[in-house]
>>> print(open('final19.cif').read())   # mmCIF, C-alpha atoms
data_work
#
loop_
_atom_site.label_atom_id
_atom_site.label_comp_id
_atom_site.auth_asym_id
_atom_site.auth_seq_id
_atom_site.Cartn_x
_atom_site.Cartn_y
_atom_site.Cartn_z
CA MET H 1 55.16 132.73 -20.36
CA ILE H 2 56.68 132.50 -16.91
CA PHE H 3 58.29 129.14 -17.70
CA SER H 4 59.74 130.51 -20.93
CA THR H 5 61.27 133.45 -19.05
CA LEU H 6 62.62 131.16 -16.32
CA GLU H 7 64.14 128.86 -18.93
CA HIS H 8 65.77 131.83 -20.67
CA ILE H 9 67.26 133.06 -17.38
CA LEU H 10 68.54 129.62 -16.32
CA THR H 11 70.09 129.06 -19.75
CA HIS H 12 72.10 132.28 -19.56
CA ILE H 13 73.08 131.75 -15.93
CA SER H 14 74.31 128.19 -16.49
CA PHE H 15 76.24 129.16 -19.62
CA SER H 16 77.83 132.14 -17.83
CA ILE H 17 78.84 130.01 -14.85
CA ILE H 18 80.37 127.27 -17.00
CA SER H 19 82.27 129.92 -18.97
CA ILE H 20 83.73 131.26 -15.73
CA VAL H 21 84.60 127.72 -14.62
CA ILE H 22 86.52 126.94 -17.79
CA THR H 23 88.33 130.29 -17.47
CA ILE H 24 89.37 129.33 -13.94
CA HIS H 25 90.69 125.99 -15.24
CA VAL H 26 92.78 127.77 -17.86
CA ILE H 27 94.20 130.11 -15.20
CA THR H 28 95.12 127.22 -12.88
CA LEU H 29 96.91 125.50 -15.77
CA LEU H 30 98.96 128.57 -16.64
CA VAL H 31 99.89 129.73 -13.15
CA GLN H 32 100.53 128.10 -9.81
CA GLU H 33 97.42 126.48 -8.41
CA ILE H 34 95.29 128.58 -6.09
CA VAL H 35 93.25 126.34 -3.80
CA GLY H 36 90.41 128.80 -3.32
CA LEU H 37 90.13 129.35 -7.07
CA HIS H 38 89.98 125.61 -7.71
CA ASP H 39 87.26 125.14 -5.09
CA SER H 40 85.27 127.93 -6.71
CA SER H 41 85.36 126.11 -10.05
CA GLU H 42 83.98 122.94 -8.44
CA LYS H 43 81.18 124.89 -6.79
CA GLY H 44 80.53 126.54 -10.14
CA MET H 45 80.01 123.14 -11.77
CA ILE H 46 77.55 122.19 -9.04
CA ALA H 47 75.67 125.46 -9.62
CA THR H 48 75.67 124.74 -13.36
CA PHE H 49 74.16 121.31 -12.73
CA PHE H 50 71.31 122.80 -10.69
CA CYS H 51 70.66 125.49 -13.32
CA ILE H 52 70.48 122.93 -16.14
CA THR H 53 68.30 120.66 -14.00
CA GLY H 54 66.01 123.60 -13.26
CA LEU H 55 65.84 124.35 -16.97
CA LEU H 56 64.78 120.77 -17.75
CA VAL H 57 62.22 120.73 -14.93
CA SER H 58 60.67 123.99 -16.14
CA ARG H 59 60.33 122.56 -19.66
CA TRP H 60 58.86 119.38 -18.19
CA ILE H 61 56.19 121.33 -16.31
CA SER H 62 55.37 123.67 -19.19
CA SER H 63 55.21 120.95 -21.88
CA GLY H 64 53.59 118.25 -19.76
CA HIS H 65 56.08 115.58 -20.85
CA PHE H 66 59.66 114.63 -20.07
CA PRO H 67 61.91 117.10 -21.98
CA LEU H 68 63.66 114.68 -24.33
CA SER H 69 61.56 115.05 -27.46
CA ASN H 70 63.93 117.00 -29.74
CA LEU H 71 67.60 117.65 -30.40
CA TYR H 72 67.77 120.80 -28.29
CA GLU H 73 66.38 119.09 -25.19
CA SER H 74 68.59 116.03 -25.67
CA LEU H 75 71.70 118.23 -25.95
CA ILE H 76 70.76 120.07 -22.75
CA PHE H 77 70.25 116.72 -21.03
CA LEU H 78 73.61 115.54 -22.40
CA SER H 79 75.35 118.59 -20.91
CA CYS H 80 73.59 117.79 -17.62
CA GLY H 81 75.02 114.27 -17.91
CA PHE H 82 78.54 115.67 -18.32
CA SER H 83 78.09 117.78 -15.18
CA ILE H 84 76.88 114.71 -13.24
CA ILE H 85 79.95 112.73 -14.28
CA HIS H 86 82.10 115.71 -13.29
CA MET H 87 80.66 115.75 -9.76
CA ILE H 88 80.91 112.02 -9.01
CA PRO H 89 84.66 111.89 -8.14
CA TYR H 90 84.51 115.29 -6.43
CA LEU H 91 81.65 114.26 -4.11
CA ARG H 92 83.49 111.06 -3.21
CA ASN H 93 86.88 112.46 -2.20
CA HIS H 94 86.80 116.21 -3.06
CA LYS H 95 89.26 115.62 -5.88
CA ASN H 96 88.38 115.66 -9.54
CA ASP H 97 90.43 113.81 -12.12
CA LEU H 98 87.92 114.38 -14.92
CA SER H 99 87.49 118.16 -14.90
CA THR H 100 89.64 118.83 -17.96
CA ILE H 101 87.36 116.55 -19.98
CA THR H 102 83.95 117.22 -18.45
CA VAL H 103 84.06 121.04 -18.23
CA PRO H 104 84.84 121.70 -21.94
CA SER H 105 82.34 118.97 -22.92
CA THR H 106 79.62 120.68 -20.88
CA ILE H 107 80.22 124.14 -22.32
CA PHE H 108 80.57 122.83 -25.88
CA THR H 109 77.33 120.84 -25.71
CA GLN H 110 75.31 123.58 -24.08
CA GLY H 111 76.81 126.23 -26.34
CA PHE H 112 75.88 124.28 -29.44
CA ALA H 113 72.36 123.66 -28.12
CA THR H 114 71.70 127.33 -27.33
CA SER H 115 73.61 129.01 -30.17
CA GLY H 116 74.15 126.41 -32.90
CA LEU H 117 70.52 125.43 -33.35
CA SER H 118 67.77 127.61 -34.76
CA THR H 119 65.36 129.20 -32.29
CA GLU H 120 62.50 127.17 -33.78
CA MET H 121 64.19 124.00 -32.52
CA HIS H 122 64.18 125.37 -28.96
CA GLN H 123 60.39 125.22 -28.84
CA SER H 124 58.78 122.28 -27.10
CA GLU H 125 56.32 120.42 -29.32
CA ILE H 126 53.52 117.95 -28.84
CA LEU H 127 54.79 114.38 -28.84
CA VAL H 128 53.90 112.11 -31.73
CA PRO H 129 51.83 109.06 -30.62
CA ALA H 130 54.83 106.68 -30.66
CA LEU H 131 56.63 108.88 -28.11
CA GLN H 132 53.68 109.20 -25.74
CA SER H 133 54.87 106.47 -23.41
CA GLN H 134 56.25 106.13 -19.89
CA TRP H 135 59.29 104.44 -21.46
CA LEU H 136 60.40 107.78 -22.95
CA MET H 137 61.94 108.90 -19.67
CA MET H 138 63.67 105.61 -18.88
CA HIS H 139 64.94 104.73 -22.35
CA VAL H 140 66.13 108.11 -23.58
CA SER H 141 67.61 109.27 -20.25
CA MET H 142 69.65 106.04 -19.97
CA MET H 143 70.86 106.38 -23.55
CA LEU H 144 71.95 110.00 -23.09
CA LEU H 145 73.67 109.30 -19.77
CA SER H 146 75.50 106.44 -21.48
CA TYR H 147 76.56 108.77 -24.31
CA ALA H 148 77.89 111.29 -21.78
CA ALA H 149 79.90 108.67 -19.88
CA LEU H 150 81.17 106.89 -22.99
CA LEU H 151 82.21 110.16 -24.64
CA CYS H 152 84.17 111.20 -21.53
CA GLY H 153 85.83 107.80 -21.24
CA SER H 154 86.67 107.77 -24.93
CA LEU H 155 88.21 111.25 -24.73
CA LEU H 156 90.40 110.03 -21.88
CA SER H 157 91.56 107.19 -24.13
CA VAL H 158 92.27 109.66 -26.95
CA ALA H 159 94.34 111.70 -24.50
CA LEU H 160 96.21 108.53 -23.51
CA LEU H 161 97.09 107.85 -27.15
CA VAL H 162 98.22 111.43 -27.74
CA ILE H 163 100.49 111.39 -24.69
CA THR H 164 101.84 107.91 -25.43
CA PHE H 165 102.89 108.78 -28.97
CA ARG H 166 104.09 112.26 -28.18
CA LYS H 167 107.87 112.35 -27.94
CA ASN H 168 108.25 115.38 -25.72
CA ILE H 169 106.05 116.09 -22.72
CA ASP H 170 106.52 119.41 -21.00
CA THR H 171 106.91 119.07 -17.26
CA VAL H 172 107.48 121.72 -14.64
CA PHE H 173 109.18 121.06 -11.35
CA LYS H 174 108.45 123.27 -8.37
CA ASN H 175 111.62 122.49 -6.39
CA LYS H 176 114.12 119.80 -5.58
CA ASN H 177 111.73 117.80 -3.45
CA LEU H 178 108.87 117.82 -5.95
CA LEU H 179 109.65 115.75 -9.00
CA ILE H 180 106.29 115.74 -10.69
CA LYS H 181 103.97 118.73 -10.82
CA LYS H 182 100.19 118.61 -11.24
CA SER H 183 99.45 117.41 -14.73
CA PHE H 184 97.29 118.99 -17.39
CA PHE H 185 94.73 116.22 -17.10
CA PHE H 186 94.47 115.50 -13.41
CA ASP H 187 94.34 117.41 -10.17
CA GLU H 188 97.02 115.33 -8.48
CA ILE H 189 99.55 112.70 -9.52
CA PRO H 190 101.66 110.83 -6.98
CA TYR H 191 105.22 112.05 -6.86
CA LEU H 192 108.47 110.99 -5.32
CA ASN H 193 110.27 112.80 -2.54
CA GLU H 194 114.00 113.24 -2.63
CA LYS H 195 114.36 111.08 0.45
CA GLY H 196 114.44 107.46 -0.58
CA ASN H 197 114.04 108.34 -4.23
CA PRO H 198 115.69 105.73 -6.46
CA PHE H 199 115.63 108.15 -9.41
CA LYS H 200 117.31 111.16 -7.78
CA GLU H 201 120.62 110.50 -9.52
CA ASP H 202 119.05 109.85 -12.89
CA SER H 203 118.66 112.27 -15.73
CA PHE H 204 115.77 114.62 -16.42
CA LEU H 205 114.63 112.22 -19.15
CA THR H 206 114.09 109.50 -16.55
CA PHE H 207 111.87 111.83 -14.53
CA ARG H 208 109.92 112.76 -17.63
CA ASN H 209 109.40 109.10 -18.54
CA TYR H 210 108.20 108.39 -15.01
CA TYR H 211 105.77 111.30 -15.26
CA LYS H 212 104.52 110.00 -18.60
CA TYR H 213 104.01 106.53 -17.15
CA GLN H 214 102.07 107.85 -14.15
CA LEU H 215 99.88 110.03 -16.35
CA THR H 216 99.02 107.26 -18.82
CA GLN H 217 98.20 104.91 -15.95
CA ARG H 218 95.73 107.43 -14.51
CA LEU H 219 94.18 108.01 -17.91
CA ASP H 220 93.75 104.29 -18.48
CA TYR H 221 92.28 103.80 -15.00
CA TRP H 222 89.67 106.56 -15.30
CA SER H 223 88.85 105.71 -18.89
CA TYR H 224 88.03 102.16 -17.84
CA ARG H 225 85.93 103.28 -14.87
CA VAL H 226 83.89 105.84 -16.81
CA ILE H 227 83.36 103.59 -19.85
CA SER H 228 82.21 100.76 -17.55
CA LEU H 229 79.59 103.11 -16.11
CA GLY H 230 78.52 104.25 -19.56
CA PHE H 231 78.31 100.68 -20.84
CA THR H 232 75.96 99.80 -17.98
CA PHE H 233 73.70 102.74 -18.85
CA LEU H 234 73.84 101.81 -22.54
CA THR H 235 72.80 98.22 -21.84
CA ILE H 236 69.87 99.34 -19.68
CA GLY H 237 68.86 101.90 -22.31
CA ILE H 238 68.86 99.36 -25.15
CA LEU H 239 66.83 96.86 -23.11
CA CYS H 240 64.28 99.55 -22.20
CA GLY H 241 64.13 100.58 -25.84
CA ALA H 242 63.44 96.99 -26.90
CA VAL H 243 60.51 96.74 -24.51
CA TRP H 244 59.20 100.10 -25.68
CA ALA H 245 59.57 99.06 -29.34
CA ASN H 246 57.52 95.95 -28.69
CA GLU H 247 54.73 98.08 -27.23
CA ALA H 248 54.84 100.68 -30.01
CA TRP H 249 55.67 98.60 -33.09
CA GLY H 250 54.96 95.01 -32.05
CA SER H 251 58.59 93.88 -32.29
CA TYR H 252 61.52 94.03 -29.85
CA TRP H 253 64.06 94.72 -32.61
CA ASN H 254 63.62 96.04 -36.16
CA TRP H 255 67.20 96.70 -37.29
CA ASP H 256 66.31 100.35 -37.69
CA PRO H 257 69.42 102.50 -38.48
CA LYS H 258 69.36 103.97 -34.97
CA GLU H 259 69.02 100.53 -33.39
CA THR H 260 71.75 99.13 -35.61
CA TRP H 261 74.23 101.84 -34.67
CA ALA H 262 73.30 101.54 -31.00
CA PHE H 263 74.10 97.84 -31.28
CA ILE H 264 77.41 98.63 -33.02
CA THR H 265 78.23 101.05 -30.19
CA TRP H 266 77.44 98.34 -27.64
CA ILE H 267 79.67 95.84 -29.47
CA ILE H 268 82.60 98.27 -29.70
CA PHE H 269 82.61 99.02 -25.99
CA ALA H 270 81.96 95.37 -25.11
CA ILE H 271 85.16 94.59 -27.04
CA TYR H 272 86.95 97.37 -25.13
CA LEU H 273 85.87 96.01 -21.74
CA HIS H 274 86.77 92.46 -22.78
CA ILE H 275 90.30 93.21 -23.99
CA ARG H 276 90.83 95.60 -21.08
CA THR H 277 90.65 92.61 -18.71
CA ASN H 278 93.77 91.22 -20.37
CA GLN H 279 96.80 92.92 -18.87
CA ASN H 280 98.71 92.60 -22.14
CA PHE H 281 96.11 94.69 -23.97
CA GLN H 282 95.72 97.45 -21.39
CA GLY H 283 96.86 100.93 -22.33
CA THR H 284 97.20 101.82 -26.00
CA ASN H 285 95.48 98.70 -27.39
CA SER H 286 92.25 99.19 -25.46
CA ALA H 287 92.49 102.97 -25.93
CA LEU H 288 92.43 102.49 -29.71
CA VAL H 289 89.14 100.62 -29.45
CA ALA H 290 87.65 103.31 -27.19
CA SER H 291 88.79 106.00 -29.64
CA ILE H 292 86.89 104.24 -32.43
CA GLY H 293 83.91 104.14 -30.10
CA PHE H 294 84.07 107.93 -29.75
CA LEU H 295 83.33 108.31 -33.46
CA ILE H 296 80.66 105.60 -33.41
CA ILE H 297 78.76 107.37 -30.62
CA TRP H 298 78.51 110.58 -32.65
CA VAL H 299 77.26 108.67 -35.67
CA CYS H 300 74.64 106.95 -33.50
CA TYR H 301 73.54 110.08 -31.65
CA PHE H 302 73.91 112.82 -34.24
CA GLY H 303 74.57 111.35 -37.68
CA ILE H 304 71.42 109.25 -38.00
CA ASN H 305 69.22 112.26 -37.22
CA LEU H 306 70.97 114.35 -39.84
CA LEU H 307 69.96 111.77 -42.42
CA GLY H 308 66.41 111.64 -41.10
CA ILE H 309 65.91 107.96 -41.87
CA GLY H 310 64.37 105.09 -39.97
CA LEU H 311 61.74 104.71 -37.29
CA HIS H 312 63.65 106.95 -34.88
CA SER H 313 63.79 110.05 -37.09
CA TYR H 314 60.42 111.62 -36.20
CA GLY H 315 61.00 114.68 -38.34
CA SER H 316 64.74 114.23 -38.73
CA PHE H 317 66.51 117.13 -37.04
CA THR H 318 63.43 118.28 -35.17
CA LEU H 319 62.48 115.27 -33.12
CA THR H 320 64.58 112.40 -31.88
CA SER H 321 63.78 109.51 -29.60
CA ASN H 322 67.27 108.96 -28.24
#
>>> encode(input="final19.cif", output="structure tokens")
Amino acid sequence: MIFSTLEHILTHISFSIISIVITIHVITLLVQEIVGLHDSSEKGMIATFFCITGLLVSRWISSGHFPLSNLYESLIFLSCGFSIIHMIPYLRNHKNDLSTITVPSTIFTQGFATSGLSTEMHQSEILVPALQSQWLMMHVSMMLLSYAALLCGSLLSVALLVITFRKNIDTVFKNKNLLIKKSFFFDEIPYLNEKGNPFKEDSFLTFRNYYKYQLTQRLDYWSYRVISLGFTFLTIGILCGAVWANEAWGSYWNWDPKETWAFITWIIFAIYLHIRTNQNFQGTNSALVASIGFLIIWVCYFGINLLGIGLHSYGSFTLTSN
């Protein structure tokens, strides 16, 4: 009873904090940036991470197994993964280039888990024999962390495509010396001072094109970094799953629908990383592949369980293994 109450409290606290954080982000986008307000949003994301982690730990203790046995728990873990990715650049240099992607992803995932699913699905259940393994923690956690990273990286690529093919980009200039204001997607973009500025005699269109170039470069850079991290997690997760499958079913690979789509996901992002090494294919070409990968991930993670087919269904929408 105490763990259920604690879980209920942590769920509401984390959702309230993340709602405040996204409100702060909207305010900082509409008005001039307030440093203290921005710092508060970063601290709010850290508090959200600890609340979600506490929620998972409480379920772990109360159920006696790692809390990744059903869709509700996997969605909560996925939102925790988004918050982890959010904190990585901030902890390194106290700047966060991913906040506009990670914050909405966290609130959307947690909101769907707590409000979009029936209350019966929130209950922790006894694991079926095939899931009663030490590989549950390693395999499923790696897969969900990979989904979180790959989804964030893919969304950055989608944003790159939208900006690239958008004819008009709204820019705001603070004064004569500041040519490029903070962008919608990133906390800070390098700008040119009037002194020694080769573009100071050019038209406003030139400044806007320079802004667009800088923004797409940052999007491409972070998309590549985050997808590389997610691809590493995905590879580890698939290998762990193969070992677990051999223990449970006597075969490393069975071409189960979930396994097949996980392999397709791996191939798509392997293609992305391969063509991204070629300078001629950087930017929109690689972003198109990552955008396709965004859809593939949702089919692999969510679509297969809706159908309830294959060895990974375990009760379709009720229980999932990854």
>>> atom_distance(input="final19.cif", atom1="atom CA of Leu229 of chain H", atom2="atom CA of Glu259 of chain H")
20.4 Å
>>> closest_residue(input="final19.cif", among="H:Ser16, H:Ser69, H:Thr114, H:Thr216", to="Leu161 of chain H", atoms="only C-alpha atoms")
H:Thr216
>>> resolve_selection(input="final19.cif", expression="the PyMOL selection byres ((chain H and resi 45) around 10)", output="VMD selection string")
chain H and resid 14 17 to 18 20 to 22 40 to 44 46 to 51 83 to 84 86 to 87 99 102 to 103 106
>>> closest_residue(input="final19.cif", among="H:Ser124, H:Ser154, H:Ser58, H:Thr53", to="Leu71 of chain H", atoms="all atoms listed in the file")
H:Ser124
>>> atom_distance(input="final19.cif", atom1="atom CA of His12 of chain H", atom2="atom CA of Gly111 of chain H")
10.2 Å
>>> closest_residue(input="final19.cif", among="H:Val226, H:Ile9, H:Ala113, H:Ile2", to="Ile61 of chain H", atoms="all atoms listed in the file")
H:Ile2
>>> closest_residue(input="final19.cif", among="H:His139, H:Lys258, H:Lys212, H:His25", to="Thr100 of chain H", atoms="all atoms listed in the file")
H:His25
>>> atom_distance(input="final19.cif", atom1="atom CA of Leu156 of chain H", atom2="atom CA of Ser223 of chain H")
5.5 Å
>>> resolve_selection(input="final19.cif", expression="the PyMOL selection byres ((chain H and resi 162) around 12)", output="list of chain:residue names")
H:Leu155, H:Leu156, H:Ser157, H:Val158, H:Ala159, H:Leu160, H:Leu161, H:Ile163, H:Thr164, H:Phe165, H:Arg166, H:Lys167, H:Asn168, H:Ile169, H:Lys212, H:Leu215, H:Thr216, H:Leu219, H:Gly283, H:Thr284, H:Ala287, H:Leu288, H:Ser291
>>> resolve_selection(input="final19.cif", expression="the PyMOL selection byres ((chain H and resi 77) around 12)", output="compact mmCIF listing (two decimals) with C-alpha atoms, in the coordinates of the input")
# COMPACT_ATOMS: atom_id res chain seq x y z
CA PHE H 49 74.16 121.31 -12.73
CA CYS H 51 70.66 125.49 -13.32
CA ILE H 52 70.48 122.93 -16.14
CA THR H 53 68.30 120.66 -14.00
CA GLY H 54 66.01 123.60 -13.26
CA LEU H 55 65.84 124.35 -16.97
CA LEU H 56 64.78 120.77 -17.75
CA VAL H 57 62.22 120.73 -14.93
CA ARG H 59 60.33 122.56 -19.66
CA PHE H 66 59.66 114.63 -20.07
CA PRO H 67 61.91 117.10 -21.98
CA LEU H 68 63.66 114.68 -24.33
CA SER H 69 61.56 115.05 -27.46
CA ASN H 70 63.93 117.00 -29.74
CA LEU H 71 67.60 117.65 -30.40
CA TYR H 72 67.77 120.80 -28.29
CA GLU H 73 66.38 119.09 -25.19
CA SER H 74 68.59 116.03 -25.67
CA LEU H 75 71.70 118.23 -25.95
CA ILE H 76 70.76 120.07 -22.75
CA LEU H 78 73.61 115.54 -22.40
CA SER H 79 75.35 118.59 -20.91
CA CYS H 80 73.59 117.79 -17.62
CA GLY H 81 75.02 114.27 -17.91
CA PHE H 82 78.54 115.67 -18.32
CA SER H 83 78.09 117.78 -15.18
CA ILE H 84 76.88 114.71 -13.24
CA THR H 106 79.62 120.68 -20.88
CA THR H 109 77.33 120.84 -25.71
CA GLN H 110 75.31 123.58 -24.08
CA ALA H 113 72.36 123.66 -28.12
CA MET H 137 61.94 108.90 -19.67
CA VAL H 140 66.13 108.11 -23.58
CA SER H 141 67.61 109.27 -20.25
CA MET H 142 69.65 106.04 -19.97
CA MET H 143 70.86 106.38 -23.55
CA LEU H 144 71.95 110.00 -23.09
CA LEU H 145 73.67 109.30 -19.77
CA SER H 146 75.50 106.44 -21.48
CA TYR H 147 76.56 108.77 -24.31
CA ALA H 148 77.89 111.29 -21.78
CA ASN H 322 67.27 108.96 -28.24
